[in-house]
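To be precise, the following lines are data23.txt, and they hold compact mmCIF, C-alpha atoms and all ligand atoms.
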```
# COMPACT_ATOMS: atom_id res chain seq x y z
CA MET A 1487 -39.45 -61.64 23.82
CA LYS A 1488 -42.83 -59.97 23.36
CA LEU A 1489 -43.82 -58.94 19.86
CA LEU A 1490 -44.19 -55.27 20.83
CA ASP A 1491 -40.67 -55.26 22.29
CA LYS A 1492 -39.33 -56.78 19.08
CA VAL A 1493 -41.11 -54.20 16.94
CA GLY A 1494 -39.87 -51.41 19.24
CA ARG A 1495 -36.32 -52.58 18.77
CA GLU A 1496 -36.61 -52.46 15.03
CA PHE A 1497 -37.23 -48.74 15.23
CA SER A 1498 -34.83 -47.83 17.99
CA GLY A 1499 -31.50 -48.48 16.29
CA TYR A 1500 -30.75 -44.86 15.55
CA ASN A 1501 -31.71 -43.76 19.04
CA ILE A 1502 -33.86 -41.36 17.10
CA LEU A 1503 -35.21 -39.02 19.77
CA GLU A 1504 -31.96 -38.47 21.62
CA SER A 1505 -29.80 -38.24 18.54
CA GLY A 1506 -32.33 -35.89 16.98
CA LYS A 1507 -31.14 -33.11 19.24
CA ARG A 1508 -27.65 -33.42 17.84
CA LEU A 1509 -28.86 -32.93 14.28
CA PHE A 1510 -29.70 -29.33 15.06
CA ASP A 1511 -27.16 -28.12 17.61
CA ARG A 1512 -23.38 -27.75 17.66
CA LYS A 1513 -22.61 -30.55 20.09
CA PRO A 1514 -21.11 -33.94 19.26
CA LEU A 1515 -23.25 -37.01 18.69
CA GLN A 1516 -20.78 -39.79 19.38
CA CYS A 1517 -17.28 -40.66 20.52
CA SER A 1518 -15.25 -43.81 19.98
CA LEU A 1519 -13.00 -44.38 22.98
CA TYR A 1520 -10.01 -46.71 22.72
CA VAL A 1521 -10.09 -48.36 26.15
CA THR A 1522 -6.82 -50.12 25.36
CA ASP A 1523 -4.33 -50.53 22.52
CA GLN A 1524 -3.69 -54.15 23.40
CA CYS A 1525 -5.20 -57.07 21.53
CA ASN A 1526 -5.30 -60.84 21.86
CA LEU A 1527 -5.31 -61.29 18.06
CA ASP A 1528 -3.27 -60.01 15.14
CA CYS A 1529 -5.49 -59.52 12.09
CA VAL A 1530 -3.17 -58.74 9.18
CA TYR A 1531 -5.33 -55.87 7.83
CA CYS A 1532 -5.44 -54.05 11.19
CA THR A 1533 -3.30 -51.08 12.28
CA GLU A 1534 -5.19 -50.36 15.48
CA TYR A 1535 -3.43 -52.44 18.10
CA ASP A 1536 -0.10 -52.14 19.90
CA ASN A 1537 0.76 -54.62 22.62
CA SER A 1538 3.73 -52.56 23.84
CA ARG A 1539 1.43 -50.00 25.45
CA PRO A 1540 -0.05 -50.44 28.94
CA HIS A 1541 -3.80 -50.22 29.52
CA PRO A 1542 -4.98 -46.77 30.57
CA THR A 1543 -6.02 -46.76 34.25
CA LEU A 1544 -9.68 -46.77 35.26
CA ASP A 1545 -9.20 -43.36 36.90
CA ASP A 1546 -7.82 -41.83 33.69
CA LEU A 1547 -10.54 -43.41 31.60
CA LYS A 1548 -13.23 -42.06 33.96
CA LYS A 1549 -11.74 -38.57 33.71
CA TRP A 1550 -11.80 -38.71 29.91
CA ILE A 1551 -15.31 -40.20 29.86
CA ARG A 1552 -16.58 -37.35 32.08
CA LYS A 1553 -15.00 -34.80 29.76
CA ILE A 1554 -16.49 -36.48 26.68
CA ARG A 1555 -19.92 -36.28 28.34
CA GLU A 1556 -19.40 -32.65 29.38
CA LEU A 1557 -18.91 -31.81 25.72
CA GLY A 1558 -22.49 -33.01 25.22
CA THR A 1559 -21.70 -36.34 23.55
CA MET A 1560 -24.69 -38.71 23.57
CA ARG A 1561 -23.20 -42.03 22.54
CA ILE A 1562 -19.96 -43.74 23.38
CA ALA A 1563 -18.47 -46.66 21.46
CA LEU A 1564 -15.85 -48.61 23.42
CA VAL A 1565 -13.21 -49.85 21.01
CA GLY A 1566 -9.54 -50.85 20.88
CA GLY A 1567 -7.34 -52.91 20.48
CA GLU A 1568 -9.59 -55.46 22.10
CA PRO A 1569 -11.78 -53.81 24.77
CA LEU A 1570 -12.36 -57.09 26.61
CA VAL A 1571 -8.66 -57.42 27.50
CA HIS A 1572 -8.99 -54.35 29.74
CA PRO A 1573 -9.37 -55.79 33.25
CA LYS A 1574 -11.86 -53.07 34.25
CA ILE A 1575 -14.11 -53.24 31.19
CA VAL A 1576 -17.27 -53.89 33.22
CA GLU A 1577 -16.60 -50.85 35.43
CA ILE A 1578 -15.90 -48.75 32.33
CA VAL A 1579 -19.27 -49.71 30.85
CA ARG A 1580 -21.02 -49.07 34.16
CA TYR A 1581 -19.49 -45.60 34.41
CA CYS A 1582 -20.53 -44.68 30.86
CA ARG A 1583 -24.09 -45.70 31.67
CA GLN A 1584 -24.06 -43.81 34.96
CA LEU A 1585 -23.19 -40.67 33.04
CA GLY A 1586 -26.08 -41.28 30.67
CA PHE A 1587 -24.25 -42.40 27.54
CA ALA A 1588 -25.85 -44.80 25.12
CA THR A 1589 -23.06 -47.36 25.22
CA SER A 1590 -21.74 -49.91 22.74
CA LEU A 1591 -18.70 -52.14 22.60
CA THR A 1592 -16.89 -53.66 19.63
CA THR A 1593 -15.11 -56.96 20.21
CA ASN A 1594 -13.59 -59.92 18.45
CA GLY A 1595 -15.63 -62.01 20.89
CA PHE A 1596 -12.86 -64.46 21.79
CA LEU A 1597 -12.89 -63.58 25.50
CA LEU A 1598 -16.67 -63.68 25.93
CA THR A 1599 -17.96 -66.01 28.63
CA PRO A 1600 -21.51 -66.37 29.98
CA LYS A 1601 -20.34 -64.63 33.18
CA LEU A 1602 -18.82 -61.67 31.33
CA VAL A 1603 -21.90 -61.24 29.13
CA ALA A 1604 -24.09 -61.23 32.26
CA GLU A 1605 -21.80 -58.68 33.95
CA LEU A 1606 -21.75 -56.39 30.92
CA GLU A 1607 -25.52 -56.60 30.70
CA GLU A 1608 -25.91 -55.81 34.39
CA ALA A 1609 -23.55 -52.85 33.95
CA GLY A 1610 -25.95 -51.53 31.31
CA LEU A 1611 -24.22 -52.27 27.99
CA GLN A 1612 -26.80 -51.76 25.25
CA VAL A 1613 -25.09 -52.76 22.01
CA MET A 1614 -22.32 -55.19 21.19
CA GLN A 1615 -20.67 -55.61 17.81
CA ILE A 1616 -18.90 -58.91 17.35
CA SER A 1617 -16.48 -58.91 14.44
CA VAL A 1618 -16.50 -62.10 12.37
CA ASP A 1619 -14.68 -62.29 9.04
CA ARG A 1620 -14.77 -65.95 8.06
CA MET A 1621 -16.32 -69.33 8.84
CA THR A 1622 -12.92 -70.78 9.74
CA PRO A 1623 -9.66 -69.02 10.73
CA SER A 1624 -6.99 -68.16 8.16
CA PRO A 1625 -3.47 -66.71 8.35
CA ILE A 1626 -5.02 -63.27 7.66
CA THR A 1627 -7.74 -63.33 10.31
CA LYS A 1628 -8.72 -65.66 13.13
CA LYS A 1629 -12.08 -63.96 13.64
CA SER A 1630 -14.35 -66.76 12.49
CA PHE A 1631 -17.65 -68.40 13.38
CA LYS A 1632 -15.70 -71.49 14.38
CA THR A 1633 -14.85 -69.64 17.61
CA VAL A 1634 -17.73 -67.20 17.85
CA LEU A 1635 -20.79 -69.26 16.94
CA PRO A 1636 -21.06 -71.15 20.26
CA LYS A 1637 -20.75 -67.84 22.10
CA LEU A 1638 -23.84 -66.40 20.45
CA ASP A 1639 -25.93 -68.58 22.71
CA TYR A 1640 -24.80 -66.49 25.69
CA PHE A 1641 -27.02 -63.69 24.31
CA ARG A 1642 -30.22 -65.71 23.98
CA ASP A 1643 -32.05 -63.92 26.78
CA SER A 1644 -29.74 -60.95 27.06
CA LYS A 1645 -30.85 -57.34 26.81
CA ILE A 1646 -27.65 -56.54 24.95
CA SER A 1647 -28.38 -56.01 21.28
CA LEU A 1648 -25.96 -57.88 19.17
CA HIS A 1649 -24.80 -57.33 15.64
CA ILE A 1650 -22.11 -58.91 13.53
CA THR A 1651 -19.67 -57.15 11.26
CA GLY A 1652 -17.13 -58.76 8.96
CA VAL A 1653 -14.31 -57.38 6.85
CA ILE A 1654 -14.23 -58.23 3.14
CA CYS A 1655 -10.88 -58.73 1.43
CA ALA A 1656 -9.53 -61.35 -0.99
CA ASP A 1657 -8.95 -63.77 1.89
CA THR A 1658 -12.46 -63.48 3.33
CA LEU A 1659 -14.54 -62.85 0.19
CA PRO A 1660 -15.10 -66.56 -0.61
CA GLU A 1661 -16.68 -66.92 2.86
CA SER A 1662 -18.36 -63.52 3.19
CA GLN A 1663 -21.67 -64.83 1.88
CA ALA A 1664 -21.67 -67.64 4.44
CA VAL A 1665 -20.80 -65.16 7.22
CA LEU A 1666 -23.75 -63.00 6.19
CA GLU A 1667 -26.15 -65.96 5.97
CA THR A 1668 -25.02 -67.35 9.30
CA GLY A 1669 -25.64 -64.09 11.13
CA LEU A 1670 -28.94 -63.36 9.38
CA SER A 1671 -30.25 -66.89 9.80
CA ARG A 1672 -29.94 -66.47 13.54
CA GLY A 1673 -31.87 -63.22 13.41
CA ILE A 1674 -28.78 -61.10 14.12
CA PRO A 1675 -28.31 -57.87 12.14
CA THR A 1676 -25.19 -58.56 10.11
CA GLU A 1677 -23.01 -56.70 7.64
CA VAL A 1678 -19.74 -57.28 5.89
CA ARG A 1679 -17.78 -54.30 4.69
CA LEU A 1680 -14.85 -53.49 2.50
CA VAL A 1681 -11.41 -53.51 4.03
CA HIS A 1682 -9.89 -50.05 4.37
CA ALA A 1683 -6.32 -48.84 3.93
CA ASP A 1684 -3.99 -47.86 6.76
CA PRO A 1685 -3.21 -44.21 7.59
CA LEU A 1686 -0.48 -44.19 4.93
CA HIS A 1687 -3.03 -45.25 2.30
CA ARG A 1688 -1.57 -48.72 2.00
CA PHE A 1689 -3.70 -51.80 1.82
CA ARG A 1690 -2.01 -54.42 3.95
CA VAL A 1691 -4.04 -57.20 2.31
CA ASP A 1692 -5.26 -57.87 -1.21
CA ARG A 1693 -8.72 -56.33 -1.55
CA GLY A 1694 -10.09 -58.90 -4.01
CA PRO A 1695 -11.57 -58.68 -7.53
CA ARG A 1696 -13.57 -55.49 -8.02
CA GLU A 1697 -16.48 -57.00 -10.01
CA GLU A 1698 -17.05 -59.72 -7.45
CA LEU A 1699 -16.92 -57.21 -4.61
CA GLU A 1700 -19.39 -54.99 -6.42
CA ARG A 1701 -21.79 -57.89 -7.01
CA PHE A 1702 -21.66 -58.70 -3.35
CA ILE A 1703 -22.38 -55.12 -2.25
CA ASP A 1704 -25.25 -54.99 -4.77
CA SER A 1705 -26.73 -58.14 -3.29
CA MET A 1706 -26.62 -56.58 0.19
CA ILE A 1707 -28.37 -53.46 -1.12
CA GLU A 1708 -31.11 -55.64 -2.61
CA ARG A 1709 -31.53 -57.63 0.59
CA LYS A 1710 -31.59 -54.47 2.66
CA ARG A 1711 -34.41 -53.13 0.48
CA ARG A 1712 -36.31 -56.38 0.99
CA GLY A 1713 -36.19 -55.73 4.72
CA GLU A 1714 -33.49 -58.23 5.70
CA LYS A 1715 -31.38 -57.38 8.73
CA ILE A 1716 -28.36 -56.01 6.88
CA HIS A 1717 -26.88 -54.02 9.72
CA THR A 1718 -25.62 -50.99 7.85
CA SER A 1719 -27.70 -48.30 6.11
CA GLU A 1720 -28.41 -48.26 2.39
CA ALA A 1721 -26.50 -44.98 2.26
CA ILE A 1722 -23.32 -46.71 3.44
CA LEU A 1723 -23.82 -49.65 1.09
CA ASN A 1724 -24.20 -47.20 -1.80
CA TYR A 1725 -21.14 -45.38 -0.57
CA GLN A 1726 -19.09 -48.60 -0.65
CA ARG A 1727 -20.27 -49.33 -4.18
CA SER A 1728 -19.14 -45.85 -5.23
CA LEU A 1729 -15.76 -46.48 -3.61
CA LEU A 1730 -15.32 -49.62 -5.69
CA ARG A 1731 -16.33 -47.81 -8.87
CA GLY A 1732 -14.07 -44.86 -8.08
CA GLU A 1733 -17.10 -42.55 -8.22
CA HIS A 1734 -17.06 -39.20 -6.42
CA VAL A 1735 -19.50 -38.92 -3.52
CA GLU A 1736 -20.63 -35.50 -2.33
CA TRP A 1737 -20.47 -35.26 1.47
CA THR A 1738 -18.92 -33.18 4.22
CA CYS A 1739 -16.87 -35.08 6.78
CA MET A 1740 -18.12 -34.30 10.31
CA ALA A 1741 -15.30 -36.24 12.00
CA GLY A 1742 -13.71 -34.22 14.77
CA TYR A 1743 -17.05 -32.42 15.22
CA LYS A 1744 -20.20 -34.59 15.36
CA LEU A 1745 -18.11 -37.66 16.08
CA PHE A 1746 -14.55 -37.98 17.29
CA PHE A 1747 -12.14 -40.52 18.74
CA VAL A 1748 -10.13 -40.57 21.95
CA SER A 1749 -6.99 -42.66 21.98
CA ALA A 1750 -5.87 -44.99 24.77
CA GLN A 1751 -3.48 -42.20 25.79
CA GLY A 1752 -6.32 -39.68 26.07
CA LYS A 1753 -5.45 -37.88 22.84
CA PHE A 1754 -8.17 -36.28 20.73
CA TRP A 1755 -8.31 -37.95 17.33
CA VAL A 1756 -10.40 -36.57 14.48
CA CYS A 1757 -11.06 -40.17 13.45
CA SER A 1758 -9.34 -43.56 13.62
CA MET A 1759 -7.00 -42.51 10.79
CA VAL A 1760 -6.39 -38.82 11.52
CA HIS A 1761 -4.65 -38.29 14.84
CA THR A 1762 -3.77 -35.15 16.82
CA ASP A 1763 -1.54 -34.57 19.84
CA LYS A 1764 -4.13 -32.50 21.68
CA HIS A 1765 -5.36 -34.03 24.92
CA ILE A 1766 -9.10 -34.61 25.24
CA MET A 1767 -9.07 -32.68 28.54
CA ASP A 1768 -8.04 -29.53 26.59
CA VAL A 1769 -10.68 -29.82 23.85
CA THR A 1770 -13.47 -27.21 23.65
CA LEU A 1771 -16.70 -27.11 21.67
CA ASP A 1772 -15.08 -24.46 19.46
CA ASP A 1773 -12.22 -26.87 18.70
CA LEU A 1774 -14.80 -29.45 17.64
CA TYR A 1775 -16.75 -26.99 15.52
CA ALA A 1776 -13.55 -26.01 13.70
CA ASN A 1777 -13.58 -29.54 12.23
CA TYR A 1778 -16.92 -28.92 10.53
CA ARG A 1779 -15.47 -28.70 7.04
CA LYS A 1780 -14.68 -30.74 4.00
CA LYS A 1781 -11.37 -32.56 4.47
CA LEU A 1782 -8.55 -33.26 2.07
CA CYS A 1783 -8.70 -36.97 2.94
CA GLN A 1784 -12.40 -37.36 2.09
CA GLU A 1785 -11.95 -38.93 -1.35
CA GLY A 1786 -11.92 -42.68 -0.76
CA CYS A 1787 -12.41 -42.32 3.00
CA GLY A 1788 -13.02 -45.68 4.65
CA VAL A 1789 -13.98 -44.61 8.15
CA TYR A 1790 -17.54 -45.81 7.72
CA CYS A 1791 -18.81 -44.60 11.09
CA ALA A 1792 -17.68 -41.09 10.12
CA VAL A 1793 -19.30 -41.30 6.70
CA SER A 1794 -22.44 -42.69 8.29
CA ALA A 1795 -22.74 -39.98 10.98
CA SER A 1796 -21.88 -37.29 8.43
CA LEU A 1797 -24.56 -38.42 5.99
CA LEU A 1798 -27.07 -38.68 8.83
CA VAL A 1799 -26.40 -35.12 9.98
CA GLU A 1800 -26.36 -33.77 6.42
CA LYS A 1801 -29.39 -35.62 5.10
CA PRO A 1802 -31.38 -36.87 8.09
CA ILE A 1803 -34.69 -37.26 6.29
CA GLY A 1804 -33.28 -39.30 3.41
CA VAL A 1805 -31.04 -41.56 5.53
CA LEU A 1806 -33.49 -42.13 8.37
CA GLY A 1807 -36.50 -42.40 6.07
CA ARG A 1808 -34.96 -45.30 4.14
CA GLU A 1809 -33.85 -47.02 7.33
CA ILE A 1810 -37.32 -46.77 8.85
CA ILE A 1811 -38.86 -48.22 5.68
CA ALA A 1812 -36.32 -51.08 5.65
CA ARG A 1813 -37.05 -51.88 9.28
CA ALA A 1814 -40.81 -51.68 8.78
CA LYS A 1815 -40.44 -54.45 6.18
CA ARG A 1816 -39.09 -56.73 8.93
CA VAL A 1817 -42.28 -56.62 10.95
CA PRO A 1818 -44.18 -59.33 8.98
CA SER A 1819 -41.36 -61.82 9.57
CA MET A 1820 -41.70 -61.21 13.31
CA LEU A 1821 -45.41 -62.05 13.13
CA SER A 1822 -44.71 -65.32 11.32
CA PRO A 1823 -41.49 -67.10 12.29
CA SER A 1824 -41.64 -69.09 9.06
CA LEU A 1825 -41.02 -65.90 7.11
CA GLY A 1826 -37.75 -65.17 8.91
CA SER A 1827 -34.57 -65.86 7.00
CA ARG A 1828 -33.11 -69.30 7.51
CA SER A 1829 -30.10 -71.06 6.16
CA SER A 1830 -29.06 -74.67 6.18
CA ASN A 1831 -25.37 -73.87 6.66
CA VAL A 1832 -26.18 -72.46 10.08
CA ARG A 1833 -27.88 -75.64 11.11
CA ALA A 1834 -24.75 -77.46 10.13
CA LEU A 1835 -22.62 -75.06 12.15
CA SER A 1836 -24.73 -74.55 15.23
CA SER A 1837 -23.11 -76.45 18.03
CA THR A 1838 -25.81 -76.02 20.61
CA GLN A 1839 -29.11 -75.78 18.79
CA PRO A 1840 -29.75 -78.71 16.51
CA ASP A 1841 -32.56 -76.90 14.71
CA GLY A 1842 -30.26 -73.92 14.20
CA ALA A 1843 -33.34 -71.75 14.25
CA HIS A 1844 -33.35 -69.73 17.43
CA LYS A 1845 -33.36 -65.99 17.02
CA MET A 1846 -31.17 -63.60 18.92
CA ASN A 1847 -32.34 -60.22 20.22
CA GLY A 1848 -30.80 -58.50 17.24
CA GLY A 1849 -32.01 -54.88 17.34
CA ALA A 1850 -29.93 -51.90 18.28
CA ASN A 1851 -32.03 -51.22 21.34
CA GLY A 1852 -31.64 -47.50 21.51
CA GLY A 1853 -27.87 -47.66 21.83
CA PRO A 1854 -25.23 -46.19 19.63
CA SER A 1855 -24.01 -47.74 16.45
CA THR A 1856 -20.76 -49.38 17.29
CA ASP A 1857 -17.68 -48.11 15.67
CA ASP A 1858 -17.77 -48.99 12.00
CA ARG A 1859 -14.88 -47.91 9.87
CA VAL A 1860 -14.48 -48.25 6.16
CA THR A 1861 -11.61 -46.98 4.08
CA SER A 1862 -8.55 -44.81 4.17
CA GLY A 1863 -7.48 -41.49 5.55
CA LYS A 1864 -4.33 -39.58 6.43
CA SER A 1865 -2.49 -38.99 9.64
CA ALA A 1866 -2.57 -35.32 10.50
C1 LIG B 1901 -9.94 -52.18 15.34
S1 LIG B 1901 -11.19 -53.31 15.78
C2 LIG B 1901 -11.27 -53.12 17.53
C3 LIG B 1901 -12.28 -53.98 18.21
C4 LIG B 1901 -12.03 -55.47 18.23
N1 LIG B 1901 -10.68 -55.82 18.43
C5 LIG B 1901 -12.59 -56.11 16.98
O1 LIG B 1901 -11.82 -56.63 16.16
O2 LIG B 1901 -13.81 -56.08 16.84
C6 LIG B 1901 -12.71 -52.51 15.28
C7 LIG B 1901 -13.26 -52.95 13.94
O3 LIG B 1901 -12.41 -52.47 12.93
C8 LIG B 1901 -12.33 -53.46 11.93
N2 LIG B 1901 -11.11 -53.24 11.15
C9 LIG B 1901 -9.83 -53.26 11.57
N3 LIG B 1901 -9.00 -53.01 10.56
C10 LIG B 1901 -9.78 -52.84 9.45
C11 LIG B 1901 -9.50 -52.56 8.09
N4 LIG B 1901 -8.27 -52.41 7.62
N5 LIG B 1901 -10.56 -52.46 7.25
C12 LIG B 1901 -11.84 -52.61 7.69
N6 LIG B 1901 -12.15 -52.86 8.97
C13 LIG B 1901 -11.13 -52.98 9.83
C14 LIG B 1901 -12.33 -54.75 12.72
O4 LIG B 1901 -12.67 -55.87 11.94
C15 LIG B 1901 -13.37 -54.45 13.77
O5 LIG B 1901 -14.66 -54.79 13.30
S1 LIG B 1902 -9.15 -55.97 14.19
FE1 LIG B 1902 -9.56 -56.11 16.38
S2 LIG B 1902 -9.01 -58.24 16.81
FE2 LIG B 1902 -8.06 -57.80 14.90
S3 LIG B 1902 -5.98 -57.12 15.44
FE3 LIG B 1902 -7.29 -55.30 15.21
S4 LIG B 1902 -7.91 -54.84 17.25
FE4 LIG B 1902 -7.23 -56.97 17.26
S1 LIG B 1903 -10.15 -40.13 7.07
FE1 LIG B 1903 -12.32 -39.91 6.57
S2 LIG B 1903 -13.33 -39.67 8.53
FE2 LIG B 1903 -11.18 -39.28 8.88
S3 LIG B 1903 -11.00 -37.07 8.66
FE3 LIG B 1903 -10.53 -37.95 6.67
S4 LIG B 1903 -12.47 -37.91 5.59
FE4 LIG B 1903 -12.95 -37.63 7.74
```

Let's see the structure in the file written out as structure tokens.
Ligand SMILES: C[S@@+](CC[C@H](N)C(=O)[O-])C[C@H]1O[C@@H](n2cnc3c(N)ncnc32)[C@H](O)[C@@H]1O
Ligand code: SF4
Ligand code: SF4
Amino acid sequence: MKLLDKVGREFSGYNILESGKRLFDRKPLQCSLYVTDQCNLDCVYCTEYDNSRPHPTLDDLKKWIRKIRELGTMRIALVGGEPLVHPKIVEIVRYCRQLGFATSLTTNGFLLTPKLVAELEEAGLQVMQISVDRMTPSPITKKSFKTVLPKLDYFRDSKISLHITGVICADTLPESQAVLETGLSRGIPTEVRLVHADPLHRFRVDRGPREELERFIDSMIERKRRGEKIHTSEAILNYQRSLLRGEHVEWTCMAGYKLFFVSAQGKFWVCSMVHTDKHIMDVTLDDLYANYRKKLCQEGCGVYCAVSASLLVEKPIGVLGREIIARAKRVPSMLSPSLGSRSSNVRALSSTQPDGAHKMNGGANGGPSTDDRVTSGKSA
């Protein structure tokens, strides 16, 4: 890829110009759409899949997607369950792009094939988040580089911008560092984030020792400041550190207003944790605006995409300014490949590239941030 394209990508992750409009008006910035509840895995910490429910039809999904766009939403994040188990996922992506959405998809990556990646790219998918928790599978989570690493090669010349996100809990913490290094060493923006509670405020897995978790978050903050491709913003890393310390963070939750969720039954959800029975087809801009308020479930909230969008809308200069500075620090490493981050453990793991050194596309390419949740909330 040409140097100018690479540099352009470094600055396009927030889709700055388009999203800018949403910082000043009353319309929503982004929607996470559950394209199915079904999943091919069963991560113990997850409450967001249900294999007893049928996939929504393509016709229904198109109707909901049109409505989401009519509300003025700019970005759509396709989530689940596992979006790739929906048999019409390519058509869903294509339709979102036809309507002008910046479009992302979050996947466990298990069903990726070279053909599917090519089809998703041709349909216009801009951003893909692959979730990877460990180097090898465990009884808690099978999402590991053992399965996913060979699949990263499918993206070598792809226009789809890839990033990797892992969940940190006691089970994954001993491997979180290696997950981070493996992603970063291949030039892929990577983050690992604290596990969040379920809607009843229960943690289904042990979260791990607080001091160790805090040290790890601190190290990501430091690396982010040095310009490494830590995928999340410094604001969200600081937020996670405050969560661990039990510190109060001042913010106003914009979920249900600037960002919202639509379930695989077409229901309007304030966020992944706070559900309503209202159908998306009945939602108005006034309904959305009514959610512009502090919420009782804010303290300890782990819906990171909501915190992130809320902080961006509340403090755009601070959040964007830091992100632009962090990305600017990456430019020298693009000019000299030897300055890019490398790690020997990736060489050991890479099944297809003996030098383990090839870089993926890595930026966010003007698309939406994929859905990134963090902690706990309440069911409405
Ligand atoms: C619900 S999954 C759906 C998409 C896809 N199945 C996947 O795993 O990427 C979306 C994201 O939420 C994360 N997630 C699920 N439960 C979580 C929890 N309790 N705490 C933190 N992240 C969680 C997953 O790891 C994944 O990155
Ligand atoms: S986190 Fe994703 S892969 Fe894991 S069970 Fe939940 S929906 Fe499935
Ligand atoms: S759980 Fe978090 S994102 Fe959801 S409504 Fe409550 S504060 Fe907002």

- Which residue of A:Cys1525, A:Cys1783, A:Val1769, A:Met1621 approaches Pro1660 in chain A most closely, using only C-alpha atoms: A:Met1621

- Item | Near-ligand residues for ligand LIG 1902 (chain B), threshold 12 Å, only C-alpha atoms and all ligand atoms, as a PyMOL selection string | chain A and resi 1520-1537+1564-1571+1591-1597+1615-1619+1625-1630+1651-1653+1681-1682+1684+1758+1857-1859

Do you have, as CSV, the list of residues of chain A lying at most 7 Å from ligand LIG 1903 (chain B), each with its nearest atom pair and that distance in Å to one decimal, counting all atoms listed in the file and ordered by chain then number?
```
residue,atom,partner,partner_atom,distance
A:Cys1739,CA,B:LIG1903,FE4,4.8
A:Met1740,CA,B:LIG1903,FE4,6.7
A:Ala1741,CA,B:LIG1903,FE4,5.1
A:Val1756,CA,B:LIG1903,S3,5.9
A:Cys1757,CA,B:LIG1903,FE2,4.7
A:Ser1758,CA,B:LIG1903,FE2,6.6
A:Met1759,CA,B:LIG1903,S1,5.4
A:Val1760,CA,B:LIG1903,FE2,5.5
A:Lys1781,CA,B:LIG1903,S4,5.6
A:Leu1782,CA,B:LIG1903,FE3,6.9
A:Cys1783,CA,B:LIG1903,FE3,4.3
A:Gln1784,CA,B:LIG1903,S4,3.5
A:Cys1787,CA,B:LIG1903,FE1,4.3
A:Gly1788,CA,B:LIG1903,FE1,6.1
A:Val1789,CA,B:LIG1903,S2,5.0
A:Ala1792,CA,B:LIG1903,S2,4.8
A:Val1793,CA,B:LIG1903,S2,6.5
A:Ser1862,CA,B:LIG1903,S1,5.7
A:Gly1863,CA,B:LIG1903,S1,3.4
A:Lys1864,CA,B:LIG1903,S1,5.9
```

- atom N6 of ligand LIG 1901 (chain B) to CA of Thr1633 in chain A measures 19.1 Å

- Excluding Ile1554 in chain A and any residue of its chain fewer than 2 positions from it, enumerate the residues within 12 Å of it, using all atoms listed in the file, and give them as a PyMOL selection string. chain A and resi 1513-1519+1547-1552+1556-1563+1582+1585-1587+1745-1748+1752-1754+1765-1771+1774

Output C-alpha atoms for every residue in that selection, as a short mmCIF file (atom, residue, chain, number, x, y, z; two decimals), in the coordinates of the input.
```cif
data_model
loop_
_atom_site.label_atom_id
_atom_site.label_comp_id
_atom_site.auth_asym_id
_atom_site.auth_seq_id
_atom_site.Cartn_x
_atom_site.Cartn_y
_atom_site.Cartn_z
CA LYS A 1513 -22.61 -30.55 20.09
CA PRO A 1514 -21.11 -33.94 19.26
CA LEU A 1515 -23.25 -37.01 18.69
CA GLN A 1516 -20.78 -39.79 19.38
CA CYS A 1517 -17.28 -40.66 20.52
CA SER A 1518 -15.25 -43.81 19.98
CA LEU A 1519 -13.00 -44.38 22.98
CA LEU A 1547 -10.54 -43.41 31.60
CA LYS A 1548 -13.23 -42.06 33.96
CA LYS A 1549 -11.74 -38.57 33.71
CA TRP A 1550 -11.80 -38.71 29.91
CA ILE A 1551 -15.31 -40.20 29.86
CA ARG A 1552 -16.58 -37.35 32.08
CA GLU A 1556 -19.40 -32.65 29.38
CA LEU A 1557 -18.91 -31.81 25.72
CA GLY A 1558 -22.49 -33.01 25.22
CA THR A 1559 -21.70 -36.34 23.55
CA MET A 1560 -24.69 -38.71 23.57
CA ARG A 1561 -23.20 -42.03 22.54
CA ILE A 1562 -19.96 -43.74 23.38
CA ALA A 1563 -18.47 -46.66 21.46
CA CYS A 1582 -20.53 -44.68 30.86
CA LEU A 1585 -23.19 -40.67 33.04
CA GLY A 1586 -26.08 -41.28 30.67
CA PHE A 1587 -24.25 -42.40 27.54
CA LEU A 1745 -18.11 -37.66 16.08
CA PHE A 1746 -14.55 -37.98 17.29
CA PHE A 1747 -12.14 -40.52 18.74
CA VAL A 1748 -10.13 -40.57 21.95
CA GLY A 1752 -6.32 -39.68 26.07
CA LYS A 1753 -5.45 -37.88 22.84
CA PHE A 1754 -8.17 -36.28 20.73
CA HIS A 1765 -5.36 -34.03 24.92
CA ILE A 1766 -9.10 -34.61 25.24
CA MET A 1767 -9.07 -32.68 28.54
CA ASP A 1768 -8.04 -29.53 26.59
CA VAL A 1769 -10.68 -29.82 23.85
CA THR A 1770 -13.47 -27.21 23.65
CA LEU A 1771 -16.70 -27.11 21.67
CA LEU A 1774 -14.80 -29.45 17.64
#
```

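CA of Thr1738 in chain A lies 4.9 Å from CA of Lys1780 in chain A.
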
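Taking CA of Lys1801 in chain A and CA of Ala1721 in chain A as endpoints, the distance between them is 10.2 Å.
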
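Compared by their closest atoms to ligand LIG 1901 (chain B), and using only C-alpha atoms and all ligand atoms, the residues A:Cys1655, A:Ile1674, A:Val1579, A:Ala1776 rank with A:Cys1655 nearest.
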
- Query: What lies within 6 Å of range 1599-1614 of chain A using only C-alpha atoms, ignoring chain neighbours under 2 positions off, as an MDAnalysis selection string?
  - Reply: chainID A and resid 1576 1580 1589:1592 1640 1646:1648 1853

- Task: Return the single residue from A:Ile1578, A:Leu1666, A:Leu1544, A:Ala1683 that is closest to ligand LIG 1901 (chain B), with distances computed using all atoms listed in the file.
- Result: A:Ala1683
